[in-house]
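Undergrad: Handing over run_20.cif, mmCIF, C-alpha atoms and all ligand atoms.
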```cif
data_input
loop_
_atom_site.label_atom_id
_atom_site.label_comp_id
_atom_site.auth_asym_id
_atom_site.auth_seq_id
_atom_site.Cartn_x
_atom_site.Cartn_y
_atom_site.Cartn_z
CA MET A 210 -15.92 2.49 24.16
CA SER A 211 -13.61 4.62 21.96
CA VAL A 212 -13.16 3.67 18.31
CA VAL A 213 -9.56 2.74 19.09
CA ASP A 214 -10.59 0.44 21.94
CA ALA A 215 -13.26 -1.14 19.74
CA ALA A 216 -10.67 -1.83 17.05
CA VAL A 217 -8.21 -3.33 19.55
CA ARG A 218 -10.94 -5.53 20.97
CA ALA A 219 -11.98 -6.74 17.52
CA LEU A 220 -8.35 -7.70 16.78
CA ARG A 221 -8.06 -9.55 20.12
CA GLU A 222 -11.21 -11.49 19.30
CA GLY A 223 -9.78 -12.62 15.97
CA GLY A 224 -11.86 -10.21 13.89
CA LEU A 225 -10.92 -7.91 11.02
CA ILE A 226 -10.74 -4.12 11.16
CA HIS A 227 -10.05 -1.25 8.84
CA LEU A 228 -6.68 0.20 9.78
CA PRO A 229 -6.31 3.83 8.70
CA THR A 230 -2.71 4.70 7.81
CA GLU A 231 -0.95 7.57 6.07
CA THR A 232 -0.55 5.54 2.85
CA VAL A 233 -3.85 3.71 2.27
CA TYR A 234 -6.51 2.06 4.43
CA GLY A 235 -5.54 -1.46 5.48
CA LEU A 236 -7.61 -4.55 6.23
CA GLY A 237 -6.14 -5.54 9.58
CA ALA A 238 -5.94 -8.77 11.55
CA SER A 239 -3.79 -10.06 14.38
CA ALA A 240 -0.56 -11.33 12.75
CA SER A 241 -0.15 -14.27 15.13
CA ASP A 242 -3.65 -15.66 14.55
CA PRO A 243 -3.92 -17.85 11.42
CA GLU A 244 -7.71 -18.00 11.60
CA ALA A 245 -7.90 -14.22 11.56
CA VAL A 246 -5.27 -13.92 8.82
CA ILE A 247 -7.09 -16.39 6.59
CA LYS A 248 -10.14 -14.12 6.72
CA VAL A 249 -8.02 -11.31 5.25
CA PHE A 250 -7.08 -13.42 2.23
CA GLU A 251 -10.70 -14.53 1.82
CA ALA A 252 -12.21 -11.05 2.13
CA LYS A 253 -9.79 -9.66 -0.46
CA GLY A 254 -9.75 -12.68 -2.74
CA ARG A 255 -5.99 -12.44 -2.46
CA PRO A 256 -3.73 -15.31 -3.60
CA ARG A 257 -2.22 -17.12 -0.62
CA PHE A 258 1.32 -16.97 -2.00
CA ASN A 259 1.39 -13.19 -1.53
CA PRO A 260 2.75 -12.41 1.95
CA LEU A 261 1.37 -9.55 4.06
CA ILE A 262 2.99 -6.55 5.75
CA VAL A 263 3.07 -6.71 9.54
CA HIS A 264 2.43 -3.34 11.18
CA VAL A 265 4.00 -2.52 14.54
CA GLY A 266 3.64 0.32 17.02
CA GLY A 267 7.25 0.29 18.25
CA MET A 268 10.82 -0.68 17.48
CA ALA A 269 11.07 -3.16 20.38
CA LEU A 270 8.27 -5.27 18.93
CA ALA A 271 9.76 -4.99 15.43
CA GLU A 272 13.04 -6.43 16.74
CA ARG A 273 11.23 -9.27 18.49
CA ILE A 274 9.54 -10.22 15.22
CA GLY A 275 12.42 -9.70 12.78
CA ILE A 276 16.22 -9.72 12.76
CA PHE A 277 17.54 -6.20 12.17
CA ASP A 278 21.11 -5.65 11.02
CA ASP A 279 22.81 -2.22 11.03
CA ARG A 280 21.29 -1.30 7.64
CA ALA A 281 17.77 -2.21 8.76
CA ARG A 282 18.22 -0.24 11.97
CA ALA A 283 19.52 2.78 10.08
CA LEU A 284 16.55 2.70 7.68
CA ALA A 285 14.05 2.31 10.52
CA ALA A 286 15.71 5.17 12.41
CA ALA A 287 15.53 7.39 9.32
CA PHE A 288 12.01 6.59 8.11
CA TRP A 289 9.88 5.13 10.93
CA PRO A 290 7.21 5.88 11.64
CA GLY A 291 6.63 6.26 7.91
CA SER A 292 5.91 4.84 4.48
CA LEU A 293 8.74 2.32 4.36
CA THR A 294 8.37 -1.45 4.72
CA LEU A 295 11.48 -3.47 5.56
CA VAL A 296 11.81 -7.13 4.59
CA VAL A 297 14.11 -8.86 7.09
CA PRO A 298 14.68 -12.46 8.29
CA VAL A 299 11.97 -13.56 10.71
CA ARG A 300 13.07 -14.10 14.32
CA ASP A 301 9.96 -15.36 16.13
CA THR A 302 7.54 -17.25 13.90
CA GLY A 303 5.08 -17.42 16.80
CA LEU A 304 4.46 -13.67 16.50
CA VAL A 305 3.68 -13.82 12.76
CA CYS A 306 1.94 -16.97 11.54
CA ASP A 307 3.13 -18.89 8.46
CA LEU A 308 0.13 -17.82 6.43
CA ALA A 309 0.93 -14.13 6.97
CA ARG A 310 4.47 -14.75 5.65
CA ALA A 311 3.24 -17.09 2.88
CA GLY A 312 5.61 -19.65 4.42
CA LEU A 313 8.73 -17.52 3.84
CA ASP A 314 11.51 -17.26 6.43
CA SER A 315 11.42 -13.47 6.02
CA VAL A 316 8.90 -10.91 7.21
CA ALA A 317 7.84 -7.46 5.97
CA LEU A 318 7.54 -4.87 8.77
CA ARG A 319 6.28 -1.30 8.89
CA MET A 320 5.53 1.32 11.54
CA PRO A 321 2.89 3.63 10.03
CA ASP A 322 3.02 7.39 10.51
CA HIS A 323 -0.58 7.78 11.62
CA LYS A 324 -1.82 8.62 15.11
CA MET A 325 -4.88 6.37 15.11
CA ALA A 326 -2.97 3.46 13.59
CA LEU A 327 -0.26 3.76 16.24
CA ASP A 328 -2.87 4.00 19.02
CA ILE A 329 -4.48 0.78 17.79
CA LEU A 330 -1.14 -1.02 17.36
CA ARG A 331 0.15 0.07 20.77
CA GLY A 332 -3.19 -0.80 22.35
CA LEU A 333 -2.89 -4.33 20.99
CA GLY A 334 0.84 -4.56 21.70
CA ALA A 335 1.33 -7.06 18.89
CA GLY A 336 1.76 -7.13 15.11
CA VAL A 337 -1.15 -6.50 12.74
CA VAL A 338 -1.16 -7.70 9.14
CA ALA A 339 -2.78 -5.14 6.88
CA PRO A 340 -2.87 -5.28 3.10
CA SER A 341 -4.80 -2.50 1.41
CA ALA A 342 -8.51 -2.82 2.24
CA ASN A 343 -9.64 -3.21 -1.38
CA ARG A 344 -10.73 -6.47 -2.95
CA SER A 345 -7.80 -7.94 -4.86
CA GLY A 346 -7.05 -6.21 -8.17
CA ARG A 347 -9.04 -3.03 -7.36
CA PRO A 348 -7.77 0.47 -6.52
CA SER A 349 -6.64 0.86 -2.89
CA PRO A 350 -8.96 2.85 -0.59
CA THR A 351 -7.69 6.20 0.68
CA THR A 352 -10.82 7.20 2.62
CA GLN A 353 -12.85 5.34 5.24
CA ARG A 354 -15.84 5.49 2.90
CA ASP A 355 -13.92 3.79 0.09
CA ALA A 356 -12.56 1.18 2.51
CA PHE A 357 -16.09 0.47 3.69
CA GLU A 358 -17.36 0.20 0.12
CA GLU A 359 -14.67 -2.39 -0.65
CA THR A 360 -14.59 -4.63 2.42
CA GLY A 361 -17.03 -3.16 4.97
CA ALA A 362 -18.98 -6.42 5.08
CA PHE A 363 -16.01 -8.26 6.58
CA VAL A 364 -14.88 -5.94 9.39
CA GLN A 365 -15.91 -5.62 13.03
CA ALA A 366 -14.56 -2.07 13.27
CA SER A 367 -14.05 0.59 10.61
CA PRO A 368 -12.57 3.61 12.35
CA ASP A 369 -12.41 6.85 10.37
CA GLY A 370 -8.82 8.12 10.49
CA GLY A 371 -9.36 10.80 7.85
CA ASP A 372 -8.16 10.84 4.25
CA CYS A 373 -4.76 9.26 3.63
CA GLN A 374 -2.11 11.93 3.19
CA VAL A 375 0.33 9.87 1.09
CA GLY A 376 -2.14 7.97 -1.08
CA VAL A 377 0.06 5.16 -2.46
CA GLU A 378 1.29 2.09 -0.58
CA SER A 379 4.59 2.07 1.27
CA THR A 380 7.95 1.58 -0.39
CA VAL A 381 9.13 -2.02 0.13
CA VAL A 382 12.86 -2.59 0.59
CA SER A 383 14.45 -6.00 1.08
CA LEU A 384 17.44 -6.43 3.39
CA LEU A 385 17.95 -10.11 2.62
CA GLY A 386 21.43 -9.90 1.13
CA ASP A 387 21.93 -6.74 -0.96
CA VAL A 388 19.48 -3.93 -0.34
CA ARG A 389 16.75 -4.12 -2.99
CA TYR A 390 13.96 -1.72 -3.85
CA LEU A 391 11.00 -4.09 -4.32
CA ARG A 392 8.07 -1.68 -4.54
CA ALA A 393 8.14 2.06 -5.27
CA GLY A 394 6.40 4.33 -2.77
CA ALA A 395 6.68 7.74 -1.18
CA VAL A 396 10.16 6.96 0.14
CA THR A 397 12.28 7.21 -3.00
CA ARG A 398 15.32 5.25 -4.16
CA ALA A 399 17.47 8.34 -3.61
CA GLN A 400 16.29 8.63 0.00
CA ILE A 401 17.14 4.95 0.65
CA GLU A 402 20.55 5.31 -1.02
CA ALA A 403 21.33 8.33 1.14
CA VAL A 404 21.14 6.02 4.18
CA VAL A 405 22.54 2.67 2.98
CA GLY A 406 24.48 3.47 -0.18
CA ALA A 407 23.87 2.28 -3.75
CA LEU A 408 20.99 -0.15 -4.27
CA ALA A 409 21.51 -3.47 -6.04
CA GLN A 410 20.64 -3.34 -9.76
CA ASP A 411 17.25 -4.86 -10.21
CA GLU A 412 15.46 -5.22 -13.54
CA ALA A 413 13.13 -8.01 -12.55
CA GLU A 414 11.92 -6.62 -9.24
CA GLY A 415 8.35 -7.63 -9.85
CA HIS A 416 9.38 -11.22 -9.46
CA ARG A 417 11.12 -10.76 -6.14
CA SER A 418 8.18 -9.21 -4.34
CA PRO A 419 5.62 -11.96 -4.65
CA GLY A 420 2.21 -10.98 -5.92
CA ARG A 421 3.18 -7.87 -7.85
CA MET A 422 1.06 -8.83 -10.81
CA ALA A 423 -0.28 -6.68 -13.63
CA LEU A 424 -3.93 -5.66 -13.58
CA HIS A 425 -3.76 -4.48 -10.05
CA TYR A 426 -5.28 -1.24 -8.80
CA ALA A 427 -7.70 -1.45 -11.73
CA PRO A 428 -11.08 0.30 -11.93
CA ASP A 429 -13.85 -1.25 -14.07
CA ALA A 430 -13.21 0.98 -17.09
CA PRO A 431 -10.14 0.28 -19.23
CA VAL A 432 -7.20 2.55 -18.42
CA LYS A 433 -4.80 4.22 -20.88
CA ILE A 434 -1.68 5.98 -19.61
CA ASN A 435 0.67 8.66 -20.99
CA VAL A 436 -2.18 10.38 -22.84
CA GLU A 437 -1.43 14.03 -23.67
CA ASN A 438 -4.52 14.70 -25.77
CA PRO A 439 -7.56 12.95 -24.31
CA SER A 440 -10.05 11.46 -26.74
CA VAL A 441 -13.67 12.66 -26.88
CA GLY A 442 -15.81 11.08 -24.17
CA ALA A 443 -12.88 9.77 -22.14
CA ALA A 444 -12.62 10.49 -18.42
CA TYR A 445 -9.27 12.26 -18.10
CA LEU A 446 -6.98 12.26 -15.07
CA ALA A 447 -5.00 15.45 -15.65
CA PHE A 448 -1.65 16.59 -14.27
CA GLY A 449 -1.78 20.33 -14.83
CA PRO A 450 -4.04 22.52 -16.99
CA VAL A 451 -5.74 20.84 -19.97
CA GLU A 452 -8.52 21.43 -22.51
CA HIS A 453 -10.87 18.47 -22.81
CA ASP A 454 -14.41 17.96 -24.00
CA GLY A 455 -15.41 15.55 -21.24
CA LEU A 456 -14.84 14.70 -17.59
CA VAL A 457 -11.55 16.07 -16.20
CA ILE A 458 -10.26 15.12 -12.74
CA GLN A 459 -7.10 16.91 -11.68
CA LEU A 460 -4.46 14.79 -9.99
CA SER A 461 -2.67 18.08 -9.35
CA ALA A 462 -3.44 21.36 -11.10
CA THR A 463 -0.02 22.68 -10.00
CA ARG A 464 1.83 19.51 -11.12
CA ASP A 465 2.77 18.57 -7.55
CA LEU A 466 3.67 14.86 -7.43
CA HIS A 467 2.82 14.41 -3.74
CA GLU A 468 -0.62 15.89 -4.31
CA ALA A 469 -1.07 13.65 -7.36
CA ALA A 470 -0.14 10.56 -5.31
CA ALA A 471 -2.61 11.51 -2.57
CA ASN A 472 -5.38 11.96 -5.18
CA LEU A 473 -4.59 9.00 -7.44
CA PHE A 474 -6.82 6.18 -6.17
CA LYS A 475 -9.66 8.54 -5.26
CA ALA A 476 -9.52 9.93 -8.80
CA LEU A 477 -9.61 6.45 -10.38
CA ARG A 478 -12.69 5.59 -8.31
CA GLU A 479 -14.37 8.89 -9.06
CA ALA A 480 -13.76 8.52 -12.79
CA ASP A 481 -15.17 4.99 -12.67
CA ARG A 482 -18.44 6.20 -11.14
CA PHE A 483 -19.20 7.92 -14.45
CA THR A 484 -18.82 4.55 -16.26
CA PRO A 485 -16.76 6.12 -19.06
CA PRO A 486 -15.71 4.06 -22.11
CA VAL A 487 -12.09 4.65 -21.08
CA ILE A 488 -10.09 6.40 -18.35
CA GLU A 489 -7.09 8.23 -19.80
CA ILE A 490 -4.23 9.47 -17.63
CA ALA A 491 -1.77 12.28 -18.35
CA PRO A 492 1.97 11.53 -18.52
CA ILE A 493 3.48 11.66 -15.02
CA PRO A 494 7.18 12.48 -14.53
CA GLU A 495 9.18 9.51 -13.22
CA ASP A 496 11.05 11.41 -10.50
CA GLY A 497 10.45 11.16 -6.74
CA VAL A 498 7.07 9.69 -5.85
CA GLY A 499 6.31 9.79 -9.61
CA GLU A 500 7.95 6.35 -9.83
CA ALA A 501 5.30 4.96 -7.46
CA ILE A 502 2.47 6.71 -9.32
CA ASN A 503 3.69 5.33 -12.66
CA ASP A 504 4.06 1.85 -11.16
CA ARG A 505 0.43 1.89 -9.96
CA ILE A 506 -1.07 3.32 -13.15
CA ARG A 507 0.90 0.93 -15.37
CA ARG A 508 -0.61 -1.91 -13.37
CA ALA A 509 -4.08 -0.33 -13.49
CA ALA A 510 -3.63 -0.32 -17.27
CA GLY A 511 -2.59 -3.98 -17.21
CA PHE A 512 1.08 -3.65 -18.12
CA VAL A 513 4.12 -5.05 -16.28
CA GLY A 514 4.69 -8.50 -14.82
O1 LIG B 601 1.19 1.13 2.56
C1 LIG B 601 1.13 -0.09 2.74
O2 LIG B 601 2.13 -0.81 2.74
C2 LIG B 601 -0.26 -0.70 2.96
C3 LIG B 601 -0.82 -0.09 4.24
C4 LIG B 601 -2.14 -0.66 4.64
O3 LIG B 601 0.12 -0.17 5.27
N1 LIG B 601 -0.18 -2.13 3.03
C5 LIG B 601 0.12 -2.90 1.95
O4 LIG B 601 0.20 -4.23 2.24
O5 LIG B 601 0.27 -2.45 0.83
P1 LIG B 601 0.27 -5.41 1.19
O6 LIG B 601 0.16 -6.62 2.00
O7 LIG B 601 -0.73 -5.21 0.10
O8 LIG B 601 1.68 -5.28 0.55
C6 LIG B 601 2.59 -6.31 0.75
C7 LIG B 601 3.76 -6.15 -0.20
C8 LIG B 601 3.56 -7.04 -1.39
O9 LIG B 601 4.16 -6.47 -2.53
C9 LIG B 601 4.29 -8.29 -0.92
O10 LIG B 601 4.65 -9.09 -1.98
C10 LIG B 601 5.48 -7.68 -0.18
O11 LIG B 601 4.93 -6.56 0.48
N2 LIG B 601 6.01 -8.60 0.82
C11 LIG B 601 5.47 -8.97 2.00
N3 LIG B 601 6.26 -9.85 2.64
C12 LIG B 601 7.32 -10.05 1.84
C13 LIG B 601 8.49 -10.84 1.95
N4 LIG B 601 8.71 -11.65 2.98
N5 LIG B 601 9.39 -10.78 0.94
C14 LIG B 601 9.20 -9.97 -0.12
N6 LIG B 601 8.10 -9.19 -0.28
C15 LIG B 601 7.18 -9.23 0.68
MG MG B 602 -2.82 -3.72 -2.21
#
```
Before anything else, please render the file you have as structure tokens.
Ligand code: TXA
Ligand code: MG

TA:
Amino acid sequence: MSVVDAAVRALREGGLIHLPTETVYGLGASASDPEAVIKVFEAKGRPRFNPLIVHVGGMALAERIGIFDDRARALAAAFWPGSLTLVVPVRDTGLVCDLARAGLDSVALRMPDHKMALDILRGLGAGVVAPSANRSGRPSPTTQRDAFEETGAFVQASPDGGDCQVGVESTVVSLLGDVRYLRAGAVTRAQIEAVVGALAQDEAEGHRSPGRMALHYAPDAPVKINVENPSVGAAYLAFGPVEHDGLVIQLSATRDLHEAAANLFKALREADRFTPPVIEIAPIPEDGVGEAINDRIRRAAGFVG
């Protein structure tokens, strides 16, 4: 049996799988099956009030699950398959169980830009919930090996889809009322605005996307951000050339934000393996995918609500 067939079969049987995607590795379960979905929350130690993203292999299924208006259709047409999750009103609650939606009357949908993910989703022909495959609060896995280290004990299939090319989770945009940018990702605010016009002002976004708590994405060592001159003995995540008497891991030697995003979680894990007293991270510009990087490292450092 191919790895794709094995993954589809595991999902049909109510089991969990690792779902490789272009952003991060997911911990997948059939979205319509509450007994499977509950295992996802248990494996991750994830609070039940935090709803999951439902992954689909095609637009027809997306429109059976959720209600798409013109804005949602335009965003899907522009960015799917890709690193954008759309929150829309739910249409058929039978296709996505209450637990997956945390009881909300909305649903978060995404079509990943990853061949193996799409093969699995199309093979199943139904929605798959997939939060990042880490245990809750830890850095997201961007390789099959890291996914296996985090939650390998809980899955029936752990296909290797290669290293994730994007490296941070999808952008989450809500289409309930005004368009809102709930979670920064590789698809930037400017890219969304180019399709649907100006976004609603949103200072307290963290509170609108449930479960966006601080101390997320955190390695074991304490994390300090915006450090230009690393302290002696610190593990340093650099963004460009640096002199440091200690471990240096380059997020991007050429200061390329996409490369830095792709390397971020791997670098946090690698630094942690040296059990340093502290992990210090270079300042990262806030533009483009830099907003997503800064969001994740602020949370790794325990800031933001
Ligand atoms: O890149 C990704 O999105 C990865 C990969 C595996 O696809 N998945 C992922 O899933 O990050 P998850 O479940 O960890 O992220 C869900 C995010 C959370 O911030 C959650 O609060 C938000 O989406 N969300 C889900 N449903 C929502 C809803 N109905 N309303 C508002 N936010 C919602
Ligand atoms: Mg996550």

Undergrad: Within 7 Å of ligand LIG 601 (chain B), which residues of chain A come that close, and what is the closest atom pair and distance in Å for each? Count only C-alpha atoms and all ligand atoms and give it as CSV.

TA:
```
residue,atom,partner,partner_atom,distance
A:Leu228,CA,B:LIG601,C4,6.9
A:Thr230,CA,B:LIG601,O3,6.2
A:Thr232,CA,B:LIG601,O1,4.7
A:Val233,CA,B:LIG601,C3,5.2
A:Tyr234,CA,B:LIG601,C4,5.2
A:Gly235,CA,B:LIG601,C4,3.6
A:Leu236,CA,B:LIG601,C4,6.9
A:Asn259,CA,B:LIG601,O10,5.3
A:Pro260,CA,B:LIG601,C11,4.4
A:Leu261,CA,B:LIG601,O6,3.8
A:Ile262,CA,B:LIG601,O6,4.7
A:Ser292,CA,B:LIG601,O1,6.3
A:Thr294,CA,B:LIG601,O2,6.6
A:Val296,CA,B:LIG601,C13,5.6
A:Arg310,CA,B:LIG601,N4,5.9
A:Leu313,CA,B:LIG601,N4,5.9
A:Ser315,CA,B:LIG601,N4,4.5
A:Val316,CA,B:LIG601,N4,4.3
A:Ala317,CA,B:LIG601,N3,4.4
A:Pro321,CA,B:LIG601,O3,6.7
A:Ala339,CA,B:LIG601,C4,5.0
A:Pro340,CA,B:LIG601,O4,3.4
A:Ser341,CA,B:LIG601,C4,4.6
A:Val377,CA,B:LIG601,O1,6.5
A:Glu378,CA,B:LIG601,O1,3.3
A:Ser379,CA,B:LIG601,O1,3.8
A:Val381,CA,B:LIG601,O11,6.2
A:Ser383,CA,B:LIG601,C14,6.7
A:Arg392,CA,B:LIG601,O9,6.5
A:Arg417,CA,B:LIG601,C14,6.4
A:Ser418,CA,B:LIG601,N6,4.1
A:Pro419,CA,B:LIG601,O10,4.0
A:Gly420,CA,B:LIG601,O10,5.0
A:Arg421,CA,B:LIG601,O9,5.6
```

Undergrad: Which residues are near ligand MG 602 (chain B) - at most 8 Å, using all atoms listed in the file? Format: as a PyMOL selection string.

TA: chain A and resi 340-343+345-346+348-349+378+425-426

Undergrad: Please indicate the distance in Å from atom CA of Gly394 of chain A to atom CA of Ala366 of chain A, rounded to one decimal place.

TA: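 Result for atom CA of Gly394 of chain A versus atom CA of Ala366 of chain A: 27.2 Å, one decimal.
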
Undergrad: What is the distance between atom CA of Thr302 of chain A and atom CA of Gly224 of chain A, in Å to one decimal?

TA: 20.6 Å

Undergrad: One decimal, Å: what's the distance from atom CA of Ala469 of chain A over to atom CA of Gly376 of chain A, could you say?

TA: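 Value for the atom CA of Ala469 of chain A-atom CA of Gly376 of chain A distance: 8.5 Å.
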
Undergrad: From the options A:Gly386, A:Gly266, A:Gly275, A:Pro350, which residue's atoms come nearest to Val337 of chain A, counting only C-alpha atoms?

TA: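 Closest to Val337 of chain A of all the choices is A:Gly266.
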
Undergrad: List every protein, DNA or RNA residue that has an atom no more than 7 Å from (2.0, -12.8, 14.3) in the file's coordinate frame, counting only C-alpha atoms, and report them as a PyMOL selection string.

TA: chain A and resi 239-242+303-306+336

Undergrad: Counting only C-alpha atoms, what is within 9 Å of segment 396-412 of chain A, bar same-chain residues fewer than 6 positions away, as a PyMOL selection string?

TA: chain A and resi 280-281+283-284+287-288+291-293+379-380+382+387-390+496-498+500-501

Undergrad: Kindly indicate which residue among A:Ile434, A:Pro450, A:Ser461, A:Asp429 lies nearest to Asp481 of chain A, using all atoms listed in the file for the distances.

TA: A:Asp429

Undergrad: Name the residues in contact with Ile226 of chain A at a cut-off of 12 Å, using all atoms listed in the file, excluding same-chain residues fewer than 3 positions from it; report them as number ranges by chain.

TA: A: 212-223, 229, 234-239, 245-246, 248-249, 252, 326, 329-330, 337-342, 353, 356-357, 360-369
